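Next comes data_29.txt, with compact mmCIF, C-alpha atoms.
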```
# COMPACT_ATOMS: atom_id res chain seq x y z
CA MET A 1 -64.56 -68.98 -222.60
CA LYS A 2 -60.81 -68.52 -223.14
CA ARG A 3 -58.55 -71.40 -222.28
CA CYS A 4 -55.30 -71.04 -220.35
CA LEU A 5 -52.65 -73.71 -219.94
CA ILE A 6 -50.62 -73.40 -216.73
CA ILE A 7 -47.21 -75.04 -217.02
CA ASP A 8 -45.28 -75.36 -213.76
CA ASP A 9 -43.68 -78.27 -211.94
CA SER A 10 -44.94 -76.96 -208.60
CA SER A 11 -48.45 -78.13 -207.82
CA VAL A 12 -48.77 -75.26 -205.32
CA ILE A 13 -48.01 -72.65 -207.98
CA ARG A 14 -50.44 -74.34 -210.39
CA LYS A 15 -53.14 -74.28 -207.73
CA VAL A 16 -52.59 -70.58 -206.92
CA ALA A 17 -52.45 -69.61 -210.60
CA ARG A 18 -55.54 -71.69 -211.37
CA ARG A 19 -57.51 -69.87 -208.68
CA ILE A 20 -56.43 -66.48 -210.06
CA LEU A 21 -57.11 -67.32 -213.69
CA GLU A 22 -60.46 -68.98 -213.02
CA GLY A 23 -61.36 -65.71 -211.30
CA PHE A 24 -60.81 -64.05 -214.68
CA ALA A 25 -63.13 -66.60 -216.33
CA PHE A 26 -60.46 -68.75 -217.97
CA LYS A 27 -60.96 -72.45 -218.50
CA VAL A 28 -57.74 -73.80 -217.02
CA THR A 29 -55.70 -76.89 -217.86
CA GLU A 30 -52.39 -77.83 -216.26
CA ALA A 31 -49.09 -79.43 -217.20
CA ALA A 32 -46.12 -80.24 -214.93
CA ASP A 33 -43.41 -79.92 -217.59
CA GLY A 34 -42.78 -78.82 -221.15
CA ARG A 35 -43.30 -82.26 -222.67
CA GLN A 36 -46.75 -82.70 -221.08
CA ALA A 37 -47.56 -79.16 -222.16
CA LEU A 38 -46.72 -79.84 -225.80
CA ASP A 39 -49.04 -82.86 -225.71
CA GLU A 40 -51.79 -80.61 -224.36
CA CYS A 41 -51.18 -78.10 -227.16
CA VAL A 42 -51.42 -80.83 -229.80
CA LYS A 43 -54.77 -81.87 -228.37
CA GLU A 44 -56.09 -78.32 -228.22
CA MET A 45 -54.17 -75.10 -228.67
CA PRO A 46 -54.92 -72.76 -225.73
CA ASP A 47 -55.50 -69.01 -225.97
CA ALA A 48 -53.03 -68.28 -223.18
CA ILE A 49 -50.08 -70.00 -221.54
CA LEU A 50 -48.60 -69.20 -218.15
CA LEU A 51 -45.13 -70.69 -218.33
CA ASP A 52 -42.49 -71.56 -215.72
CA TRP A 53 -38.84 -71.65 -216.79
CA ASN A 54 -37.14 -74.38 -214.73
CA MET A 55 -38.88 -77.71 -215.07
CA PRO A 56 -37.81 -81.35 -215.45
CA VAL A 57 -37.97 -83.08 -218.86
CA MET A 58 -38.38 -79.92 -220.96
CA ASP A 59 -37.87 -76.43 -219.55
CA GLY A 60 -40.00 -73.41 -220.36
CA TYR A 61 -37.56 -71.93 -222.84
CA GLU A 62 -37.32 -75.17 -224.82
CA PHE A 63 -41.08 -75.54 -224.70
CA LEU A 64 -41.61 -72.02 -226.04
CA ARG A 65 -39.29 -72.58 -228.98
CA ALA A 66 -40.99 -75.89 -229.79
CA LEU A 67 -44.43 -74.29 -229.44
CA ARG A 68 -43.65 -71.41 -231.76
CA ALA A 69 -42.42 -73.92 -234.39
CA MET A 70 -45.68 -75.96 -234.23
CA PRO A 71 -48.58 -75.41 -236.63
CA GLY A 72 -50.83 -72.88 -234.87
CA GLY A 73 -48.17 -72.40 -232.18
CA ASP A 74 -47.93 -68.71 -232.94
CA LYS A 75 -51.48 -68.16 -231.67
CA PRO A 76 -51.31 -68.48 -227.87
CA LYS A 77 -50.20 -65.50 -225.82
CA VAL A 78 -47.35 -66.75 -223.67
CA VAL A 79 -46.62 -65.15 -220.31
CA PHE A 80 -43.49 -66.42 -218.60
CA CYS A 81 -43.81 -66.75 -214.81
CA THR A 82 -40.48 -67.59 -213.26
CA THR A 83 -37.89 -66.92 -210.59
CA GLU A 84 -35.35 -66.29 -213.38
CA ASN A 85 -35.57 -62.55 -212.86
CA ASP A 86 -32.47 -61.16 -214.55
CA LEU A 87 -32.47 -59.12 -217.72
CA ALA A 88 -30.59 -61.76 -219.69
CA HIS A 89 -33.31 -64.36 -219.10
CA ILE A 90 -36.05 -61.84 -219.85
CA ALA A 91 -34.38 -60.89 -223.13
CA ARG A 92 -33.95 -64.56 -224.11
CA ALA A 93 -37.59 -65.28 -223.40
CA MET A 94 -38.85 -62.30 -225.38
CA HIS A 95 -36.56 -63.17 -228.27
CA ALA A 96 -37.93 -66.72 -228.29
CA GLY A 97 -41.47 -65.41 -228.65
CA ALA A 98 -42.85 -64.72 -225.18
CA ASP A 99 -45.45 -61.95 -224.98
CA GLU A 100 -45.02 -60.92 -221.36
CA TYR A 101 -42.94 -61.81 -218.33
CA ILE A 102 -43.87 -62.18 -214.67
CA MET A 103 -41.12 -62.32 -212.08
CA LYS A 104 -42.05 -64.54 -209.14
CA PRO A 105 -43.37 -63.97 -206.56
CA PHE A 106 -46.57 -62.79 -208.14
CA ASP A 107 -50.09 -61.93 -207.04
CA LYS A 108 -53.49 -61.51 -208.62
CA GLU A 109 -52.90 -57.86 -209.56
CA ILE A 110 -49.67 -58.65 -211.39
CA VAL A 111 -51.27 -61.51 -213.35
CA GLU A 112 -54.20 -59.25 -214.19
CA ALA A 113 -51.92 -56.42 -215.36
CA LYS A 114 -49.82 -58.70 -217.55
CA PHE A 115 -52.80 -60.51 -219.08
CA GLN A 116 -54.42 -57.14 -219.77
CA GLU A 117 -51.23 -55.97 -221.40
CA VAL A 118 -51.39 -58.74 -224.00
CA GLY A 119 -55.13 -58.38 -224.52
CA LEU A 120 -56.25 -61.55 -222.75
CA ILE A 121 -58.44 -59.75 -220.23
CA MET B 1 -58.55 -41.59 -180.02
CA ASN B 2 -60.91 -39.04 -178.56
CA ALA B 3 -63.07 -36.78 -180.69
CA ALA B 4 -61.18 -33.63 -179.75
CA ASP B 5 -57.81 -35.07 -180.86
CA TYR B 6 -59.32 -36.38 -184.09
CA GLY B 7 -60.95 -33.00 -184.74
CA PHE B 8 -57.64 -31.26 -184.19
CA LEU B 9 -55.84 -33.59 -186.62
CA CYS B 10 -58.56 -33.06 -189.24
CA ARG B 11 -58.14 -29.28 -188.99
CA PHE B 12 -54.35 -29.56 -188.94
CA LEU B 13 -54.29 -31.61 -192.16
CA LYS B 14 -56.91 -29.46 -193.88
CA GLU B 15 -55.09 -26.21 -193.13
CA ARG B 16 -51.66 -27.44 -194.09
CA SER B 17 -52.32 -29.76 -197.00
CA GLY B 18 -55.96 -29.26 -197.99
CA PHE B 19 -56.64 -32.92 -197.29
CA VAL B 20 -60.04 -33.64 -195.82
CA LEU B 21 -60.35 -36.65 -193.53
CA ALA B 22 -63.70 -38.37 -193.36
CA GLN B 23 -65.31 -38.94 -189.97
CA GLU B 24 -64.75 -42.68 -189.97
CA LYS B 25 -61.01 -42.58 -190.60
CA GLU B 26 -59.85 -42.73 -186.99
CA TYR B 27 -58.30 -46.16 -187.55
CA LEU B 28 -56.29 -44.79 -190.49
CA VAL B 29 -54.99 -41.89 -188.43
CA GLN B 30 -54.11 -44.19 -185.57
CA SER B 31 -52.26 -46.71 -187.74
CA ARG B 32 -50.30 -44.09 -189.66
CA LEU B 33 -49.44 -41.74 -186.78
CA LEU B 34 -48.52 -44.21 -184.06
CA PRO B 35 -45.18 -45.00 -185.76
CA VAL B 36 -44.53 -41.24 -186.07
CA ALA B 37 -45.24 -40.77 -182.38
CA ARG B 38 -42.93 -43.64 -181.39
CA ARG B 39 -40.12 -42.42 -183.66
CA ASN B 40 -40.27 -39.10 -181.86
CA GLY B 41 -40.21 -40.55 -178.37
CA LEU B 42 -43.94 -40.15 -177.72
CA SER B 43 -45.95 -43.03 -176.30
CA ASP B 44 -49.12 -42.62 -178.35
CA VAL B 45 -51.05 -40.47 -180.82
CA ALA B 46 -52.64 -38.43 -178.00
CA ASN B 47 -49.17 -37.28 -176.97
CA LEU B 48 -48.34 -36.54 -180.58
CA VAL B 49 -51.43 -34.34 -180.83
CA GLN B 50 -50.38 -32.57 -177.65
CA ALA B 51 -46.94 -31.95 -179.14
CA LEU B 52 -48.50 -30.48 -182.29
CA GLN B 53 -50.71 -28.24 -180.18
CA THR B 54 -47.87 -26.95 -178.07
CA GLY B 55 -45.44 -25.91 -180.75
CA ALA B 56 -43.93 -28.95 -182.42
CA SER B 57 -40.96 -28.53 -184.76
CA ALA B 58 -41.56 -27.95 -188.45
CA ALA B 59 -39.94 -31.33 -189.08
CA LEU B 60 -42.49 -33.13 -186.90
CA LYS B 61 -45.39 -31.32 -188.56
CA THR B 62 -44.07 -32.35 -191.97
CA GLU B 63 -43.63 -35.93 -190.76
CA VAL B 64 -47.27 -36.05 -189.64
CA ILE B 65 -48.54 -34.71 -192.98
CA GLU B 66 -46.37 -37.10 -194.98
CA ALA B 67 -47.51 -40.06 -192.89
CA MET B 68 -51.12 -39.30 -193.81
CA MET B 69 -50.49 -39.01 -197.56
CA ASN B 70 -51.38 -41.92 -199.79
CA ASN B 71 -48.32 -42.41 -201.94
CA GLU B 72 -49.57 -45.45 -203.78
CA SER B 73 -48.77 -45.12 -207.43
CA LEU B 74 -48.34 -47.34 -210.46
CA PHE B 75 -46.70 -47.00 -213.84
CA PHE B 76 -49.33 -46.13 -216.46
CA ARG B 77 -51.95 -46.13 -213.72
CA ASP B 78 -55.53 -46.43 -215.01
CA LYS B 79 -54.35 -46.63 -218.63
CA ILE B 80 -57.07 -44.27 -219.96
CA PRO B 81 -55.23 -41.00 -219.19
CA PHE B 82 -52.17 -42.36 -220.99
CA ASP B 83 -54.30 -43.45 -223.94
CA ARG B 84 -55.51 -39.83 -224.13
CA LEU B 85 -51.95 -38.57 -224.01
CA ARG B 86 -50.81 -40.95 -226.76
CA ASP B 87 -53.82 -40.76 -229.07
CA THR B 88 -55.10 -37.18 -228.67
CA VAL B 89 -52.82 -34.82 -226.81
CA LEU B 90 -49.39 -35.63 -228.24
CA PRO B 91 -50.53 -35.75 -231.90
CA ASP B 92 -52.27 -32.38 -231.42
CA LEU B 93 -49.31 -30.72 -229.71
CA LEU B 94 -46.93 -32.19 -232.27
CA LYS B 95 -48.64 -29.91 -234.79
CA ARG B 96 -49.33 -26.89 -232.59
CA ARG B 97 -45.88 -26.73 -231.03
CA GLU B 98 -43.93 -27.45 -234.20
CA PRO B 99 -42.79 -23.80 -234.43
CA VAL B 100 -41.17 -23.91 -230.98
CA ARG B 101 -40.57 -27.68 -230.71
CA GLN B 102 -41.05 -27.55 -226.96
CA ILE B 103 -43.63 -29.06 -224.63
CA ARG B 104 -43.93 -28.44 -220.90
CA ILE B 105 -45.77 -30.97 -218.76
CA TRP B 106 -46.71 -30.78 -215.10
CA SER B 107 -47.35 -33.85 -213.00
CA ALA B 108 -49.07 -32.16 -210.07
CA ALA B 109 -49.23 -35.09 -207.63
CA ALA B 110 -46.25 -37.11 -208.75
CA SER B 111 -45.87 -39.19 -205.60
CA THR B 112 -43.00 -41.65 -206.06
CA GLY B 113 -42.48 -40.75 -209.71
CA GLN B 114 -44.35 -43.43 -211.65
CA GLU B 115 -46.59 -40.90 -213.43
CA PRO B 116 -43.92 -38.49 -214.73
CA TYR B 117 -41.65 -41.39 -215.70
CA SER B 118 -44.55 -43.05 -217.56
CA VAL B 119 -45.04 -39.80 -219.48
CA ALA B 120 -41.31 -39.59 -220.16
CA MET B 121 -41.24 -43.15 -221.50
CA MET B 122 -44.20 -42.51 -223.76
CA ILE B 123 -42.59 -39.44 -225.30
CA ALA B 124 -39.08 -40.89 -225.48
CA ASP B 125 -40.43 -43.80 -227.52
CA ARG B 126 -41.90 -41.49 -230.18
CA PRO B 127 -39.27 -40.68 -232.78
CA GLU B 128 -41.26 -37.67 -234.04
CA PHE B 129 -40.26 -35.85 -230.84
CA ALA B 130 -36.54 -36.32 -231.50
CA GLY B 131 -34.84 -32.94 -231.12
CA TRP B 132 -37.76 -31.46 -229.16
CA ARG B 133 -37.32 -30.01 -225.73
CA ILE B 134 -39.58 -31.88 -223.32
CA ASP B 135 -39.73 -30.47 -219.79
CA ILE B 136 -41.60 -32.52 -217.21
CA VAL B 137 -42.04 -30.83 -213.85
CA ALA B 138 -43.14 -33.28 -211.18
CA THR B 139 -44.37 -32.01 -207.82
CA ASP B 140 -45.71 -33.55 -204.67
CA ILE B 141 -46.34 -32.46 -201.10
CA SER B 142 -44.35 -35.38 -199.71
CA ASN B 143 -40.57 -35.05 -199.53
CA ASP B 144 -40.27 -38.76 -198.77
CA ALA B 145 -42.11 -39.67 -201.95
CA LEU B 146 -40.06 -37.22 -203.99
CA GLU B 147 -36.84 -38.62 -202.63
CA GLN B 148 -37.75 -42.05 -203.98
CA ALA B 149 -38.90 -40.47 -207.23
CA ARG B 150 -35.60 -38.67 -207.74
CA GLY B 151 -33.68 -41.88 -207.13
CA GLY B 152 -35.80 -43.62 -209.75
CA ILE B 153 -35.31 -47.03 -208.11
CA TYR B 154 -38.26 -49.40 -207.93
CA SER B 155 -38.79 -52.89 -206.55
CA GLN B 156 -39.59 -55.88 -208.70
CA PHE B 157 -43.11 -55.68 -207.33
CA GLU B 158 -43.54 -52.03 -208.35
CA VAL B 159 -42.31 -52.46 -211.92
CA GLN B 160 -44.62 -55.37 -212.61
CA ARG B 161 -47.83 -53.41 -212.12
CA GLY B 162 -48.69 -51.54 -215.26
CA LEU B 163 -45.27 -51.52 -216.87
CA PRO B 164 -45.03 -53.69 -219.99
CA ILE B 165 -41.93 -55.90 -220.01
CA GLN B 166 -40.61 -54.28 -223.19
CA LEU B 167 -40.59 -50.86 -221.51
CA LEU B 168 -38.88 -52.33 -218.45
CA MET B 169 -36.16 -53.81 -220.66
CA HIS B 170 -35.74 -50.63 -222.65
CA HIS B 171 -35.85 -47.96 -219.96
CA PHE B 172 -34.50 -49.57 -216.77
CA ASP B 173 -31.24 -51.00 -215.52
CA GLN B 174 -31.31 -53.91 -213.10
CA ILE B 175 -29.29 -53.30 -209.95
CA LYS B 176 -29.17 -56.00 -207.28
CA GLY B 177 -32.75 -57.12 -207.70
CA GLU B 178 -34.14 -53.61 -208.09
CA TRP B 179 -34.81 -51.58 -211.18
CA ARG B 180 -33.40 -48.11 -211.84
CA ILE B 181 -34.82 -45.86 -214.50
CA LYS B 182 -32.17 -44.82 -217.02
CA ASP B 183 -30.57 -41.40 -216.78
CA ARG B 184 -31.90 -40.19 -220.12
CA LEU B 185 -35.42 -40.44 -218.68
CA ARG B 186 -34.51 -39.17 -215.23
CA ASN B 187 -33.02 -36.11 -216.88
CA MET B 188 -36.37 -35.34 -218.54
CA VAL B 189 -38.05 -34.92 -215.16
CA GLN B 190 -37.48 -32.21 -212.57
CA PHE B 191 -38.89 -32.97 -209.12
CA ARG B 192 -39.97 -30.25 -206.68
CA GLN B 193 -41.77 -30.23 -203.36
CA LEU B 194 -45.04 -28.35 -203.70
CA ASN B 195 -48.22 -27.99 -201.70
CA LEU B 196 -51.13 -27.41 -204.10
CA LEU B 197 -52.58 -24.96 -201.58
CA SER B 198 -49.59 -22.70 -202.08
CA ASN B 199 -48.91 -20.32 -204.95
CA PHE B 200 -47.50 -22.30 -207.88
CA SER B 201 -47.50 -19.60 -210.54
CA ALA B 202 -43.68 -19.55 -210.48
CA LEU B 203 -43.63 -22.99 -212.11
CA GLY B 204 -44.40 -21.28 -215.42
CA GLN B 205 -46.88 -22.23 -218.10
CA PHE B 206 -47.68 -25.78 -219.12
CA ASP B 207 -49.06 -27.44 -222.22
CA ILE B 208 -50.26 -30.50 -220.31
CA VAL B 209 -51.21 -30.80 -216.65
CA PHE B 210 -51.73 -34.17 -214.99
CA CYS B 211 -53.77 -33.70 -211.82
CA ARG B 212 -54.91 -37.19 -211.02
CA ASN B 213 -56.28 -38.73 -207.86
CA VAL B 214 -55.44 -35.77 -205.64
CA LEU B 215 -58.50 -33.50 -205.89
CA ILE B 216 -60.49 -36.29 -204.27
CA TYR B 217 -58.82 -35.48 -200.97
CA PHE B 218 -59.94 -31.81 -201.04
CA ASP B 219 -63.27 -30.26 -200.14
CA GLN B 220 -65.35 -28.58 -202.84
CA PRO B 221 -64.12 -24.96 -202.45
CA THR B 222 -60.49 -26.15 -202.36
CA LYS B 223 -61.00 -28.21 -205.52
CA ILE B 224 -62.46 -25.20 -207.32
CA ASP B 225 -59.66 -22.95 -206.12
CA VAL B 226 -56.90 -25.37 -207.15
CA LEU B 227 -58.48 -25.88 -210.58
CA ALA B 228 -58.77 -22.12 -211.11
CA ARG B 229 -55.10 -21.68 -210.33
CA ILE B 230 -54.15 -24.63 -212.56
CA ARG B 231 -56.10 -22.88 -215.30
CA ARG B 232 -53.82 -19.85 -214.94
CA VAL B 233 -50.71 -21.95 -215.58
CA THR B 234 -52.22 -23.93 -218.45
CA ALA B 235 -51.71 -22.77 -222.04
CA GLU B 236 -54.94 -21.62 -223.69
CA ASP B 237 -54.67 -24.53 -226.13
CA GLY B 238 -53.30 -26.90 -223.49
CA TYR B 239 -54.82 -29.88 -221.74
CA LEU B 240 -55.76 -31.02 -218.24
CA ILE B 241 -55.78 -34.74 -217.56
CA LEU B 242 -57.72 -35.94 -214.53
CA GLY B 243 -57.94 -39.45 -213.08
CA ALA B 244 -59.95 -41.96 -215.09
CA ALA B 245 -62.74 -41.89 -212.51
CA GLU B 246 -62.69 -38.12 -211.86
CA THR B 247 -64.86 -35.46 -213.46
CA MET B 248 -65.37 -31.69 -213.34
CA VAL B 249 -69.03 -32.12 -212.39
CA GLY B 250 -69.84 -29.57 -209.70
CA LEU B 251 -66.46 -27.90 -210.00
CA GLY B 252 -67.31 -25.01 -212.30
CA ASP B 253 -66.27 -24.64 -215.91
CA THR B 254 -62.69 -23.44 -215.79
CA PHE B 255 -61.99 -26.58 -217.81
CA VAL B 256 -64.39 -28.23 -220.24
CA PRO B 257 -64.40 -31.89 -221.21
CA VAL B 258 -63.07 -32.95 -224.60
CA PRO B 259 -66.05 -34.79 -226.19
CA ASP B 260 -65.77 -38.58 -226.11
CA ARG B 261 -62.45 -38.40 -224.32
CA ARG B 262 -63.04 -39.26 -220.68
CA ALA B 263 -60.50 -37.75 -218.24
CA LEU B 264 -59.37 -35.14 -220.80
CA TYR B 265 -60.17 -31.43 -220.43
CA ARG B 266 -59.28 -28.13 -222.06
CA PRO B 267 -59.33 -24.62 -220.61
CA HIS B 268 -62.67 -22.89 -221.05
CA PRO B 269 -62.23 -20.47 -223.98
CA ARG B 270 -64.18 -17.80 -222.10
CA ASP B 271 -61.66 -17.62 -219.29
CA PRO B 272 -59.02 -14.91 -219.40
CA ALA B 273 -55.61 -15.68 -220.79
CA PRO B 274 -53.15 -17.06 -218.26
CA VAL B 275 -51.32 -14.43 -216.29
CA VAL B 276 -48.07 -16.36 -216.29
CA ARG B 277 -46.48 -16.30 -219.71
CA LEU B 278 -42.77 -16.69 -219.17
CA VAL B 279 -41.01 -19.83 -218.17
CA PRO B 280 -38.61 -19.04 -215.35
CA ASP B 281 -35.08 -20.25 -215.96
CA ASP B 282 -35.02 -22.34 -212.83
CA ALA B 283 -38.04 -24.34 -214.01
CA ARG B 284 -36.11 -25.54 -217.02
CA VAL B 285 -34.60 -28.96 -217.32
CA ALA B 286 -31.11 -28.91 -218.76
```
Spit out the file's structure as structure tokens when you get a sec.
Amino acid sequence: MKRCLIIDDSSVIRKVARRILEGFAFKVTEAADGRQALDECVKEMPDAILLDWNMPVMDGYEFLRALRAMPGGDKPKVVFCTTENDLAHIARAMHAGADEYIMKPFDKEIVEAKFQEVGLI
Amino acid sequence: MNAADYGFLCRFLKERSGFVLAQEKEYLVQSRLLPVARRNGLSDVANLVQALQTGASAALKTEVIEAMMNNESLFFRDKIPFDRLRDTVLPDLLKRREPVRQIRIWSAAASTGQEPYSVAMMIADRPEFAGWRIDIVATDISNDALEQARGGIYSQFEVQRGLPIQLLMHHFDQIKGEWRIKDRLRNMVQFRQLNLLSNFSALGQFDIVFCRNVLIYFDQPTKIDVLARIRRVTAEDGYLILGAAETMVGLGDTFVPVPDRRALYRPHPRDPAPVVRLVPDDARVA
């Protein structure tokens, strides 16, 4: 079973995303900010990460750069999922090592399409 | 809605668009045609039917047909047909058409443009086609759908289904929260209103025909007729691409399946050569 880490400071978003991803047979873990998420990745590197941008403590962009610099941090497929929907943010995220990008609001079909695109489903 | 009105609408749609409505689709007709009735100052669908029966304007008839069309479309919808294009069709035509360096493609039910633009993106991203002339003719029965297609503007929601983020970044401009396909791709595609029941031989001859998710709305004789006429505008060594879930089973052998390549067909070699050989000037894309 593939493991997906959902990183978002909104518990509502985490709940919605969890329901969607569990429907695609992922084992889901959650983190409320980038720092918590890095701790999770040290414990066990996930196969997939659904990543918010704006979060307290460490934002999604900072997290992604730190992740990609970690041993084994190149392995997870990272899908940004954020309200930062302008081209400049998308380009920054992709340059920092994101694999796909979801612009909120999202639904099950969009998550499915993006996860398929990077070979997770 | 009474049975007589429903029967009339079924015949009306069949005669004018070829679309066959199933018996249990009354709710669909009601939900799609009530807004048309109201927009035209009619209180309900029964009055709309009466207007159609007593000599409605051509504009109202068109509005009714367009309201019943399913214009749902996605970029790279179903994936498999585009895999066939990328892995089988384009490499083959790259060799066969090298002497003329030109490929003509027909998107026969283009709806709001996602299919022809997906094809355009796929070809534009292949450097081996640099300097080739790629003509994509995109047709649909719905003027409303074509109007959106020509504009090439899509919502955030529409671009997220099927379109990889790298292609979005590369081929679209962001304008006030919406996404507009770049001119170099829009210029590869020529949109035209076309009813597949009408004569389409004037479109010229094509190397690739996409006819996806539209035959399902026709009855068996209409499907066979449309396919036979598509055969006449398809190059002898060209390709037909159907929807991922569609087959030619029961539809004759004007096209034969390419082995191990679901959704991909070639003209039957036994069939006569296409009648239409010349590409009319007005079918060209500048």
Which polymer residues have any atom within 8 Å of an atom of Met55 of chain A, counting all atoms listed in the file, with same-chain residues fewer than 4 positions away left out, as a list in words?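 So, after excluding close chain neighbours, the residues are Asp8, Asp9, Ala32, Asp33, Gly34, Asp59 and Gly60 of chain A.
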Please tabulate, as a Markdown table, the residues of chain A that come within 10 Å of chain B, each with its closest pair of atoms and the distance in Å to one decimal, counting all atoms listed in the file and ordering rows by chain, then residue number upward.
```
| residue | atom | partner | partner_atom | distance |
| --- | --- | --- | --- | --- |
| A:Asn85 | CA | B:Gly177 | CA | 8.0 |
| A:Asp86 | CA | B:Gln174 | CA | 7.5 |
| A:Leu87 | CA | B:Gln174 | CA | 7.1 |
| A:Ala88 | CA | B:Met169 | CA | 9.8 |
| A:Ile90 | CA | B:Met169 | CA | 8.1 |
| A:Ala91 | CA | B:Met169 | CA | 7.7 |
| A:Met94 | CA | B:Gln166 | CA | 8.5 |
| A:Asp99 | CA | B:Ile165 | CA | 8.6 |
| A:Glu100 | CA | B:Ile165 | CA | 6.0 |
| A:Tyr101 | CA | B:Ile165 | CA | 6.2 |
| A:Ile102 | CA | B:Gln160 | CA | 7.2 |
| A:Met103 | CA | B:Gln156 | CA | 7.4 |
| A:Lys104 | CA | B:Gln156 | CA | 9.0 |
| A:Pro105 | CA | B:Phe157 | CA | 8.3 |
| A:Phe106 | CA | B:Phe157 | CA | 7.9 |
| A:Asp107 | CA | B:Phe157 | CA | 9.4 |
| A:Glu109 | CA | B:Arg161 | CA | 7.2 |
| A:Ile110 | CA | B:Arg161 | CA | 5.6 |
| A:Val111 | CA | B:Arg161 | CA | 8.9 |
| A:Glu112 | CA | B:Arg161 | CA | 8.9 |
| A:Ala113 | CA | B:Gly162 | CA | 5.9 |
| A:Lys114 | CA | B:Pro164 | CA | 7.3 |
| A:Gln116 | CA | B:Gly162 | CA | 9.2 |
| A:Glu117 | CA | B:Pro164 | CA | 6.8 |
| A:Val118 | CA | B:Pro164 | CA | 9.1 |
```
For the atom pair atom CA of Ala263 of chain B and atom CA of Met69 of chain B, what is the interatomic distance in Å to one decimal place?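 That distance, rounded to one decimal, is 23.0 Å.
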Fewer than 4 positions away in the same chain doesn't count, so skip those; otherwise give me all residues within 10 Å of segment 179-186 of chain B, counting only C-alpha atoms, as JSON, numbers by chain. {"B": [113, 116, 117, 118, 119, 120, 121, 123, 124, 136, 149, 150, 151, 152, 153, 154, 155, 156, 158, 159, 168, 169, 170, 171, 172, 173, 174, 175, 190, 191]}
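Taking all atoms listed in the file into account, those protein, DNA and RNA residues with any atom at most 10 Å away from (-40.7, -29.2, -232.7) amount to Leu93, Leu94, Lys95, Arg96, Arg97, Glu98, Pro99, Val100, Arg101, Gln102, Ile103, Glu128, Phe129, Ala130, Gly131, Trp132, Arg133 and Ile134 of chain B.
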Do you know which residues lie at most 12 Å from (-56.7, -32.8, -189.6), with coordinates as in the file and all atoms listed in the file counted, and could you write them as an NGL selection string? :B and (3-23 or 25-26 or 29 or 33 or 49 or 52 or 61 or 64-65 or 68-69 or 217-218)
Identify, on the basis of all atoms listed in the file, every residue whose closest approach to Leu60 of chain B does not exceed 12 Å; exclude the query and any residue fewer than 2 positions from it along the same chain; express the result as number ranges by chain. B: 33, 36-42, 48-49, 51-53, 55-58, 62-67
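You will find atom CA of Ala138 of chain B at 27.6 Å from atom CA of Asp260 of chain B.
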Which value, in Å to one decimal, gives the distance between atom CA of Val78 of chain A and atom CA of Ala98 of chain A? 5.2 Å
